[in-house]
Amino acid sequence: MASMILLARYAECIFWLARYVERAENLARILDVQETFSRDTRGQQNWRSVIQINSDEARFEDRFGKEFTPETVIQFYVTDPTNPTSIQSSIRAARENARTLRPLISTEMWSQLNIFYNRLRELPPSAASPHRLSSLCAWIKEACQAHTGITEGTFYRDQGWYFYQLGRLIERADQTTRIVDIKYHHLLPSVADIGTPADVAQWNALLRSAAGYHAYRRKHPSGMRPELVAGFLLLDDFFPRSVRSCVQEADRLLTELRSRFAVRGGSAALETLDELRALLGGKTIRDVMRSGLHEFNDMIQLQLGGVGSDLAHDFFGGALQDLAGAA
């Protein structure tokens with residue numbers, strides 16, 4: 001019985017370690033693409049959209065009022081230690097989970113994450129200024145990818161590995177919907193902009209932010225079409241950051257975890273993943289855009305949240321750890 005309780009505790013920490021690092025990387029991607037979008041004439045509304053897609057309006061306004069400026073939003077999401085959804089807070093939470101996991105993870109995993117957090121904590125205020133945002137986001141993404149690479153090369157392939165991958169994939173799918181949704185918010189003010197060179201350039205930037213530009217061009221060499229970009233990020237079978245790809249892999253891994261290790265539980269989460277897999281496989285991007293891209297993303301986020309809650313109920317004692325969580 002003690003070993004099962006210990007496994008549940010470690011499984012929860014592993015699951016959330018992966019989610020927090022993935023969340024930090026994707027938030028850096030969102031901020032990076034936002035910096036590109038904010039070069040137009042829409043100013044504050046553009047930066048407010050970042051707050052909106054993460055459902056952080058109340059928390060932000062408690063801290064900064066209604067000053068949705070580049071400076072306040074970047075500070076809020078990068079270096080603000082009082083904001084539980086900031087990159088610094090996410091990496092701090094990842095580090096605390098890694099501390100609990102010291103008997104299971106490699107020295108290299110712990111050292112890299114510890115150094116990463118300490119460097120984030122020591123960043124001067126000037127490092128998070130708008131004109132330095134692109135280089136800062138590049139460094140954060142590289143540090144998160146270094147963690148993923150070290151984990152891939154050193155983490156033992158037992159049950160814990162499956163929980164790590166499940167956490168990473170669920171978070172990645174959720175954050176991909178948010179990256180796509182930020183473009184939706186930019187389309188709202190002026191439908192007339194759709195299809196213009198500026199619009200196409202923004203979808204181009206969005207692909208680059210999601211590390212999907214070259215993969216997209218391999219599949220669609222003829223050019224940049226907004227509906228194809230949205231379809232690629234949401235519904236593609238083979239791009240590893242697409243929502244469909246993440247859901248399919250999470251479904252496969254949870255099925256294998258249950259069968260390979262005779263793990264009880266997870267049936268409700270697996271049922272939701274099966275439903276999501278069927279939904280994503282049965283839709284075209286025209287279907288999605290006809291019924292509402294924003295509404296589709298919201299629905300996917302709610303379903304993924306349900307998967308996380310079901311896994312918590314069955315494997316982690318029922319309580320979500322999401323101390324730095326986005327809605």
# chains A, B, ... in the order shown; residues from 1 in each chain; ligands from 1
>>> closest_atom_pairs(of="region 49-151 of chain A", to="region 211-234 of chain A", cutoff="12 Å", atoms="only C-alpha atoms", output="CSV")
residue,atom,partner,partner_atom,distance
A:Ala138,CA,A:Ala211,CA,11.6
A:Lys141,CA,A:Ala211,CA,10.5
A:Glu142,CA,A:Ala211,CA,11.9
A:Gln145,CA,A:Ala211,CA,11.7
>>> residues_around(residues="Ala146 (chain A)", least_positions_apart="6", cutoff="12 Å", atoms="only C-alpha atoms", output="JSON, numbers by chain")
{"A": [21, 22, 25, 108, 109, 110, 111, 112, 113, 115, 116, 139, 140, 152, 153]}
>>> residues_around(residues="region 122-130 of chain A", least_positions_apart="6", cutoff="12 Å", atoms="only C-alpha atoms", output="CSV table (one decimal) with C-alpha atoms, in the first residue's frame")
chain,number,residue,atom,x,y,z
A,28,ALA,CA,6.8,32.6,-24.3
A,31,LEU,CA,4.2,36.7,-26.0
A,32,ASP,CA,6.6,36.4,-28.9
A,34,GLN,CA,2.0,39.0,-29.7
A,35,GLU,CA,5.1,41.3,-30.0
A,36,THR,CA,4.8,40.8,-33.8
A,38,SER,CA,1.4,44.6,-31.7
A,39,ARG,CA,3.4,46.4,-34.4
A,47,TRP,CA,-2.0,43.3,-25.4
A,69,THR,CA,0.4,48.2,-22.0
A,70,PRO,CA,3.3,46.1,-23.4
A,71,GLU,CA,5.3,46.9,-20.3
A,72,THR,CA,2.7,45.8,-17.8
A,73,VAL,CA,1.6,42.6,-19.7
A,74,ILE,CA,5.2,41.5,-20.2
A,75,GLN,CA,6.1,42.0,-16.6
A,76,PHE,CA,2.9,40.3,-15.5
A,77,TYR,CA,3.6,37.2,-17.6
A,78,VAL,CA,7.4,36.9,-17.4
A,79,THR,CA,8.9,38.2,-14.2
A,80,ASP,CA,6.1,38.9,-11.8
A,81,PRO,CA,6.6,36.5,-8.8
A,87,ILE,CA,6.7,32.1,-16.6
A,88,GLN,CA,8.8,32.6,-13.5
A,115,ILE,CA,19.8,26.9,-13.1
A,116,PHE,CA,16.9,28.0,-15.4
A,136,LEU,CA,14.1,36.9,-24.0
A,137,CYS,CA,11.4,34.6,-25.4
A,139,TRP,CA,16.1,32.1,-24.4
A,140,ILE,CA,13.1,30.8,-22.4
>>> atom_distance(atom1="CA of Tyr10 (chain A)", atom2="CA of Asp56 (chain A)")
29.5 Å
>>> closest_residue(among="A:Arg157, A:Arg48, A:Arg95, A:His313", to="Arg19 (chain A)", atoms="only C-alpha atoms")
A:Arg95
>>> closest_atom_pairs(of="region 16-121 of chain A", to="region 300-307 of chain A", cutoff="12 Å", atoms="only C-alpha atoms", output="tab-separated table")
residue	atom	partner	partner_atom	distance
A:Ile53	CA	A:Gln301	CA	10.9
A:Asn54	CA	A:Gln301	CA	11.0
A:Ser55	CA	A:Gln301	CA	12.0
>>> write_last_selection(atoms="N, CA and C atoms", output="compact mmCIF listing (two decimals), in the first residue's frame")
# COMPACT_ATOMS: atom_id res chain seq x y z
N ILE A 53 -7.21 35.61 -23.37
CA ILE A 53 -7.17 34.20 -23.75
C ILE A 53 -6.69 33.31 -22.62
N ASN A 54 -6.03 33.91 -21.61
CA ASN A 54 -5.62 33.15 -20.43
C ASN A 54 -6.56 33.35 -19.24
N SER A 55 -7.68 34.08 -19.48
CA SER A 55 -8.70 34.32 -18.44
C SER A 55 -8.11 34.94 -17.19
>>> closest_residue(among="A:Cys246, A:Val263, A:Cys144, A:Leu276", to="Leu27 (chain A)", atoms="only C-alpha atoms")
A:Cys144
>>> atom_distance(atom1="CA of Trp16 (chain A)", atom2="CA of Asn97 (chain A)")
7.3 Å
>>> atom_distance(atom1="CA of Glu96 (chain A)", atom2="CA of Thr154 (chain A)")
19.2 Å
>>> closest_residue(among="A:Ser242, A:Thr255, A:Thr272, A:Ser89", to="Leu120 (chain A)", atoms="only C-alpha atoms")
A:Ser89
>>> select_by_dssp(residues="region 35-88 of chain A", states="helix (DSSP H, G or I)", output="ChimeraX atom specification")
/A:35-37,44-53,57-64,70-78,87-88
>>> write_last_selection(atoms="C-alpha atoms", output="PDB file, in the first residue's frame")
ATOM      1  CA  GLU A  35       5.065  41.275 -30.035  1.00  0.00           C
ATOM      2  CA  THR A  36       4.849  40.771 -33.793  1.00  0.00           C
ATOM      3  CA  PHE A  37       1.110  41.502 -33.881  1.00  0.00           C
ATOM      4  CA  GLN A  44      -3.621  48.317 -25.981  1.00  0.00           C
ATOM      5  CA  GLN A  45      -6.342  46.059 -27.321  1.00  0.00           C
ATOM      6  CA  ASN A  46      -3.733  43.746 -28.784  1.00  0.00           C
ATOM      7  CA  TRP A  47      -2.007  43.298 -25.447  1.00  0.00           C
ATOM      8  CA  ARG A  48      -5.292  42.895 -23.632  1.00  0.00           C
ATOM      9  CA  SER A  49      -6.046  39.874 -25.814  1.00  0.00           C
ATOM     10  CA  VAL A  50      -3.173  37.976 -24.165  1.00  0.00           C
ATOM     11  CA  ILE A  51      -4.842  38.547 -20.801  1.00  0.00           C
ATOM     12  CA  GLN A  52      -8.223  37.503 -22.199  1.00  0.00           C
ATOM     13  CA  ILE A  53      -7.172  34.196 -23.754  1.00  0.00           C
ATOM     14  CA  GLU A  57      -8.470  39.798 -16.427  1.00  0.00           C
ATOM     15  CA  ALA A  58      -9.364  39.948 -12.725  1.00  0.00           C
ATOM     16  CA  ARG A  59      -5.887  39.019 -11.536  1.00  0.00           C
ATOM     17  CA  PHE A  60      -4.228  41.497 -13.903  1.00  0.00           C
ATOM     18  CA  GLU A  61      -6.569  44.373 -12.980  1.00  0.00           C
ATOM     19  CA  ASP A  62      -5.916  43.782  -9.277  1.00  0.00           C
ATOM     20  CA  ARG A  63      -2.219  44.257 -10.028  1.00  0.00           C
ATOM     21  CA  PHE A  64      -2.170  46.942 -12.751  1.00  0.00           C
ATOM     22  CA  PRO A  70       3.296  46.090 -23.418  1.00  0.00           C
ATOM     23  CA  GLU A  71       5.322  46.851 -20.282  1.00  0.00           C
ATOM     24  CA  THR A  72       2.658  45.757 -17.781  1.00  0.00           C
ATOM     25  CA  VAL A  73       1.600  42.623 -19.681  1.00  0.00           C
ATOM     26  CA  ILE A  74       5.189  41.471 -20.216  1.00  0.00           C
ATOM     27  CA  GLN A  75       6.054  42.049 -16.556  1.00  0.00           C
ATOM     28  CA  PHE A  76       2.869  40.269 -15.480  1.00  0.00           C
ATOM     29  CA  TYR A  77       3.597  37.182 -17.579  1.00  0.00           C
ATOM     30  CA  VAL A  78       7.381  36.932 -17.424  1.00  0.00           C
ATOM     31  CA  ILE A  87       6.678  32.145 -16.592  1.00  0.00           C
ATOM     32  CA  GLN A  88       8.752  32.634 -13.450  1.00  0.00           C
TER      33      GLN A  88
END
>>> closest_residue(among="A:Glu275, A:Glu249, A:Asp314, A:Glu171", to="Asp237 (chain A)", atoms="only C-alpha atoms")
A:Glu249
>>> closest_residue(among="A:Ser291, A:Asn26, A:Ser86, A:Ser259", to="Arg241 (chain A)", atoms="only C-alpha atoms")
A:Asn26
>>> residues_around(residues="Leu7 (chain A)", least_positions_apart="3", cutoff="12 Å", atoms="only C-alpha atoms", output="PyMOL selection string")
chain A and resi 1-4+10-15+101+104+158-160+163+263+315-317
>>> write_last_selection(atoms="N, CA and C atoms", output="mmCIF file, in the first residue's frame")
data_model
loop_
_atom_site.group_PDB
_atom_site.id
_atom_site.type_symbol
_atom_site.label_atom_id
_atom_site.label_comp_id
_atom_site.auth_asym_id
_atom_site.auth_seq_id
_atom_site.Cartn_x
_atom_site.Cartn_y
_atom_site.Cartn_z
ATOM 1 N N MET A 1 0.837 -1.206 0.000
ATOM 2 C CA MET A 1 0.000 0.000 0.000
ATOM 3 C C MET A 1 0.870 1.253 0.000
ATOM 4 N N ALA A 2 1.962 1.271 0.782
ATOM 5 C CA ALA A 2 2.832 2.446 0.840
ATOM 6 C C ALA A 2 3.411 2.765 -0.525
ATOM 7 N N SER A 3 3.774 1.718 -1.282
ATOM 8 C CA SER A 3 4.360 1.965 -2.586
ATOM 9 C C SER A 3 3.342 2.580 -3.547
ATOM 10 N N MET A 4 2.055 2.164 -3.398
ATOM 11 C CA MET A 4 1.032 2.732 -4.257
ATOM 12 C C MET A 4 0.800 4.200 -3.932
ATOM 13 N N TYR A 10 4.272 10.680 -6.600
ATOM 14 C CA TYR A 10 5.263 10.946 -7.630
ATOM 15 C C TYR A 10 4.610 11.150 -8.998
ATOM 16 N N ALA A 11 3.572 10.359 -9.295
ATOM 17 C CA ALA A 11 2.894 10.501 -10.585
ATOM 18 C C ALA A 11 2.325 11.904 -10.735
ATOM 19 N N GLU A 12 1.751 12.440 -9.673
ATOM 20 C CA GLU A 12 1.199 13.799 -9.723
ATOM 21 C C GLU A 12 2.304 14.823 -9.971
ATOM 22 N N CYS A 13 3.407 14.689 -9.263
ATOM 23 C CA CYS A 13 4.512 15.637 -9.435
ATOM 24 C C CYS A 13 5.101 15.562 -10.836
ATOM 25 N N ILE A 14 5.223 14.356 -11.376
ATOM 26 C CA ILE A 14 5.766 14.192 -12.722
ATOM 27 C C ILE A 14 4.823 14.815 -13.746
ATOM 28 N N PHE A 15 3.532 14.555 -13.597
ATOM 29 C CA PHE A 15 2.518 15.098 -14.497
ATOM 30 C C PHE A 15 2.585 16.623 -14.528
ATOM 31 N N LEU A 101 10.841 15.025 -6.717
ATOM 32 C CA LEU A 101 11.160 13.871 -7.564
ATOM 33 C C LEU A 101 12.643 13.530 -7.601
ATOM 34 N N LEU A 104 13.838 10.112 -8.311
ATOM 35 C CA LEU A 104 13.453 9.492 -9.578
ATOM 36 C C LEU A 104 14.084 10.121 -10.803
ATOM 37 N N ASP A 158 9.392 4.016 -16.937
ATOM 38 C CA ASP A 158 8.397 3.281 -16.161
ATOM 39 C C ASP A 158 7.079 4.052 -16.202
ATOM 40 N N GLN A 159 6.184 3.809 -15.212
ATOM 41 C CA GLN A 159 4.898 4.504 -15.210
ATOM 42 C C GLN A 159 5.066 6.023 -15.191
ATOM 43 N N GLY A 160 6.104 6.488 -14.489
ATOM 44 C CA GLY A 160 6.321 7.920 -14.386
ATOM 45 C C GLY A 160 6.513 8.576 -15.731
ATOM 46 N N PHE A 163 3.139 9.375 -17.242
ATOM 47 C CA PHE A 163 2.484 10.540 -16.649
ATOM 48 C C PHE A 163 3.166 11.837 -17.099
ATOM 49 N N VAL A 263 -2.659 -0.739 -14.641
ATOM 50 C CA VAL A 263 -3.054 0.393 -13.802
ATOM 51 C C VAL A 263 -4.565 0.540 -13.842
ATOM 52 N N PHE A 315 -5.871 9.097 -10.139
ATOM 53 C CA PHE A 315 -4.486 8.743 -9.866
ATOM 54 C C PHE A 315 -3.810 9.595 -8.794
ATOM 55 N N PHE A 316 -4.295 10.809 -8.544
ATOM 56 C CA PHE A 316 -3.580 11.733 -7.660
ATOM 57 C C PHE A 316 -4.359 12.070 -6.398
ATOM 58 N N GLY A 317 -5.376 11.297 -6.076
ATOM 59 C CA GLY A 317 -6.126 11.573 -4.865
ATOM 60 C C GLY A 317 -7.223 12.607 -5.037
#
>>> closest_residue(among="A:Glu295, A:Asp199, A:Asp236, A:Glu256", to="Gly282 (chain A)", atoms="only C-alpha atoms")
A:Asp236
>>> decode(residues="region 258-289 of chain A", atoms="N, CA and C atoms", output="mmCIF file, in the first residue's frame")
data_model
loop_
_atom_site.group_PDB
_atom_site.id
_atom_site.type_symbol
_atom_site.label_atom_id
_atom_site.label_comp_id
_atom_site.auth_asym_id
_atom_site.auth_seq_id
_atom_site.Cartn_x
_atom_site.Cartn_y
_atom_site.Cartn_z
ATOM 1 N N ARG A 258 -2.432 1.809 -19.038
ATOM 2 C CA ARG A 258 -3.413 0.951 -18.362
ATOM 3 C C ARG A 258 -3.175 -0.523 -18.658
ATOM 4 N N SER A 259 -2.787 -0.844 -19.890
ATOM 5 C CA SER A 259 -2.613 -2.249 -20.245
ATOM 6 C C SER A 259 -1.238 -2.782 -19.834
ATOM 7 N N ARG A 260 -0.197 -1.995 -20.052
ATOM 8 C CA ARG A 260 1.163 -2.481 -19.816
ATOM 9 C C ARG A 260 1.464 -2.670 -18.339
ATOM 10 N N PHE A 261 0.936 -1.742 -17.502
ATOM 11 C CA PHE A 261 1.238 -1.793 -16.076
ATOM 12 C C PHE A 261 0.035 -2.189 -15.229
ATOM 13 N N ALA A 262 -1.040 -2.648 -15.876
ATOM 14 C CA ALA A 262 -2.255 -3.060 -15.172
ATOM 15 C C ALA A 262 -2.709 -1.979 -14.193
ATOM 16 N N VAL A 263 -2.659 -0.739 -14.641
ATOM 17 C CA VAL A 263 -3.054 0.393 -13.802
ATOM 18 C C VAL A 263 -4.565 0.540 -13.842
ATOM 19 N N ARG A 264 -5.175 0.570 -12.674
ATOM 20 C CA ARG A 264 -6.610 0.812 -12.603
ATOM 21 C C ARG A 264 -6.877 2.311 -12.655
ATOM 22 N N GLY A 265 -8.026 2.675 -13.123
ATOM 23 C CA GLY A 265 -8.362 4.087 -13.245
ATOM 24 C C GLY A 265 -8.032 4.620 -14.620
ATOM 25 N N GLY A 266 -8.493 5.815 -14.883
ATOM 26 C CA GLY A 266 -8.224 6.464 -16.151
ATOM 27 C C GLY A 266 -9.279 6.234 -17.208
ATOM 28 N N SER A 267 -10.336 5.473 -16.876
ATOM 29 C CA SER A 267 -11.335 5.160 -17.904
ATOM 30 C C SER A 267 -12.121 6.400 -18.329
ATOM 31 N N ALA A 268 -12.440 7.288 -17.381
ATOM 32 C CA ALA A 268 -13.192 8.503 -17.733
ATOM 33 C C ALA A 268 -12.344 9.416 -18.614
ATOM 34 N N ALA A 269 -11.054 9.576 -18.262
ATOM 35 C CA ALA A 269 -10.157 10.404 -19.074
ATOM 36 C C ALA A 269 -9.999 9.808 -20.466
ATOM 37 N N LEU A 270 -9.895 8.480 -20.529
ATOM 38 C CA LEU A 270 -9.732 7.816 -21.818
ATOM 39 C C LEU A 270 -10.980 7.982 -22.672
ATOM 40 N N GLU A 271 -12.150 7.930 -22.053
ATOM 41 C CA GLU A 271 -13.394 8.126 -22.796
ATOM 42 C C GLU A 271 -13.445 9.532 -23.409
ATOM 43 N N THR A 272 -13.040 10.541 -22.624
ATOM 44 C CA THR A 272 -13.033 11.914 -23.145
ATOM 45 C C THR A 272 -12.019 12.065 -24.266
ATOM 46 N N LEU A 273 -10.836 11.473 -24.103
ATOM 47 C CA LEU A 273 -9.831 11.529 -25.160
ATOM 48 C C LEU A 273 -10.322 10.838 -26.429
ATOM 49 N N ASP A 274 -11.024 9.720 -26.277
ATOM 50 C CA ASP A 274 -11.587 9.031 -27.446
ATOM 51 C C ASP A 274 -12.600 9.925 -28.159
ATOM 52 N N GLU A 275 -13.433 10.619 -27.377
ATOM 53 C CA GLU A 275 -14.422 11.521 -27.975
ATOM 54 C C GLU A 275 -13.739 12.674 -28.701
ATOM 55 N N LEU A 276 -12.705 13.235 -28.069
ATOM 56 C CA LEU A 276 -11.961 14.321 -28.701
ATOM 57 C C LEU A 276 -11.268 13.850 -29.975
ATOM 58 N N ARG A 277 -10.714 12.665 -29.903
ATOM 59 C CA ARG A 277 -10.023 12.113 -31.077
ATOM 60 C C ARG A 277 -10.997 11.951 -32.239
ATOM 61 N N ALA A 278 -12.197 11.440 -31.952
ATOM 62 C CA ALA A 278 -13.202 11.272 -33.001
ATOM 63 C C ALA A 278 -13.664 12.620 -33.541
ATOM 64 N N LEU A 279 -13.832 13.587 -32.646
ATOM 65 C CA LEU A 279 -14.265 14.922 -33.063
ATOM 66 C C LEU A 279 -13.232 15.574 -33.977
ATOM 67 N N LEU A 280 -11.964 15.547 -33.564
ATOM 68 C CA LEU A 280 -10.904 16.181 -34.337
ATOM 69 C C LEU A 280 -10.662 15.459 -35.659
ATOM 70 N N GLY A 281 -10.896 14.148 -35.668
ATOM 71 C CA GLY A 281 -10.725 13.387 -36.901
ATOM 72 C C GLY A 281 -11.882 13.538 -37.856
ATOM 73 N N GLY A 282 -13.049 13.945 -37.353
ATOM 74 C CA GLY A 282 -14.239 14.044 -38.191
ATOM 75 C C GLY A 282 -14.553 15.443 -38.667
ATOM 76 N N LYS A 283 -13.722 16.423 -38.308
ATOM 77 C CA LYS A 283 -13.960 17.812 -38.679
ATOM 78 C C LYS A 283 -12.969 18.265 -39.743
ATOM 79 N N THR A 284 -13.438 19.121 -40.631
ATOM 80 C CA THR A 284 -12.538 19.866 -41.502
ATOM 81 C C THR A 284 -12.414 21.270 -40.928
ATOM 82 N N ILE A 285 -11.387 21.990 -41.354
ATOM 83 C CA ILE A 285 -11.217 23.342 -40.833
ATOM 84 C C ILE A 285 -12.368 24.244 -41.288
ATOM 85 N N ARG A 286 -12.962 23.942 -42.440
ATOM 86 C CA ARG A 286 -14.132 24.726 -42.863
ATOM 87 C C ARG A 286 -15.303 24.501 -41.919
ATOM 88 N N ASP A 287 -15.491 23.261 -41.456
ATOM 89 C CA ASP A 287 -16.531 22.990 -40.466
ATOM 90 C C ASP A 287 -16.288 23.810 -39.209
ATOM 91 N N VAL A 288 -15.038 23.818 -38.766
ATOM 92 C CA VAL A 288 -14.677 24.519 -37.535
ATOM 93 C C VAL A 288 -14.925 26.017 -37.675
ATOM 94 N N MET A 289 -14.469 26.602 -38.760
ATOM 95 C CA MET A 289 -14.595 28.045 -38.934
ATOM 96 C C MET A 289 -16.043 28.456 -39.191
#
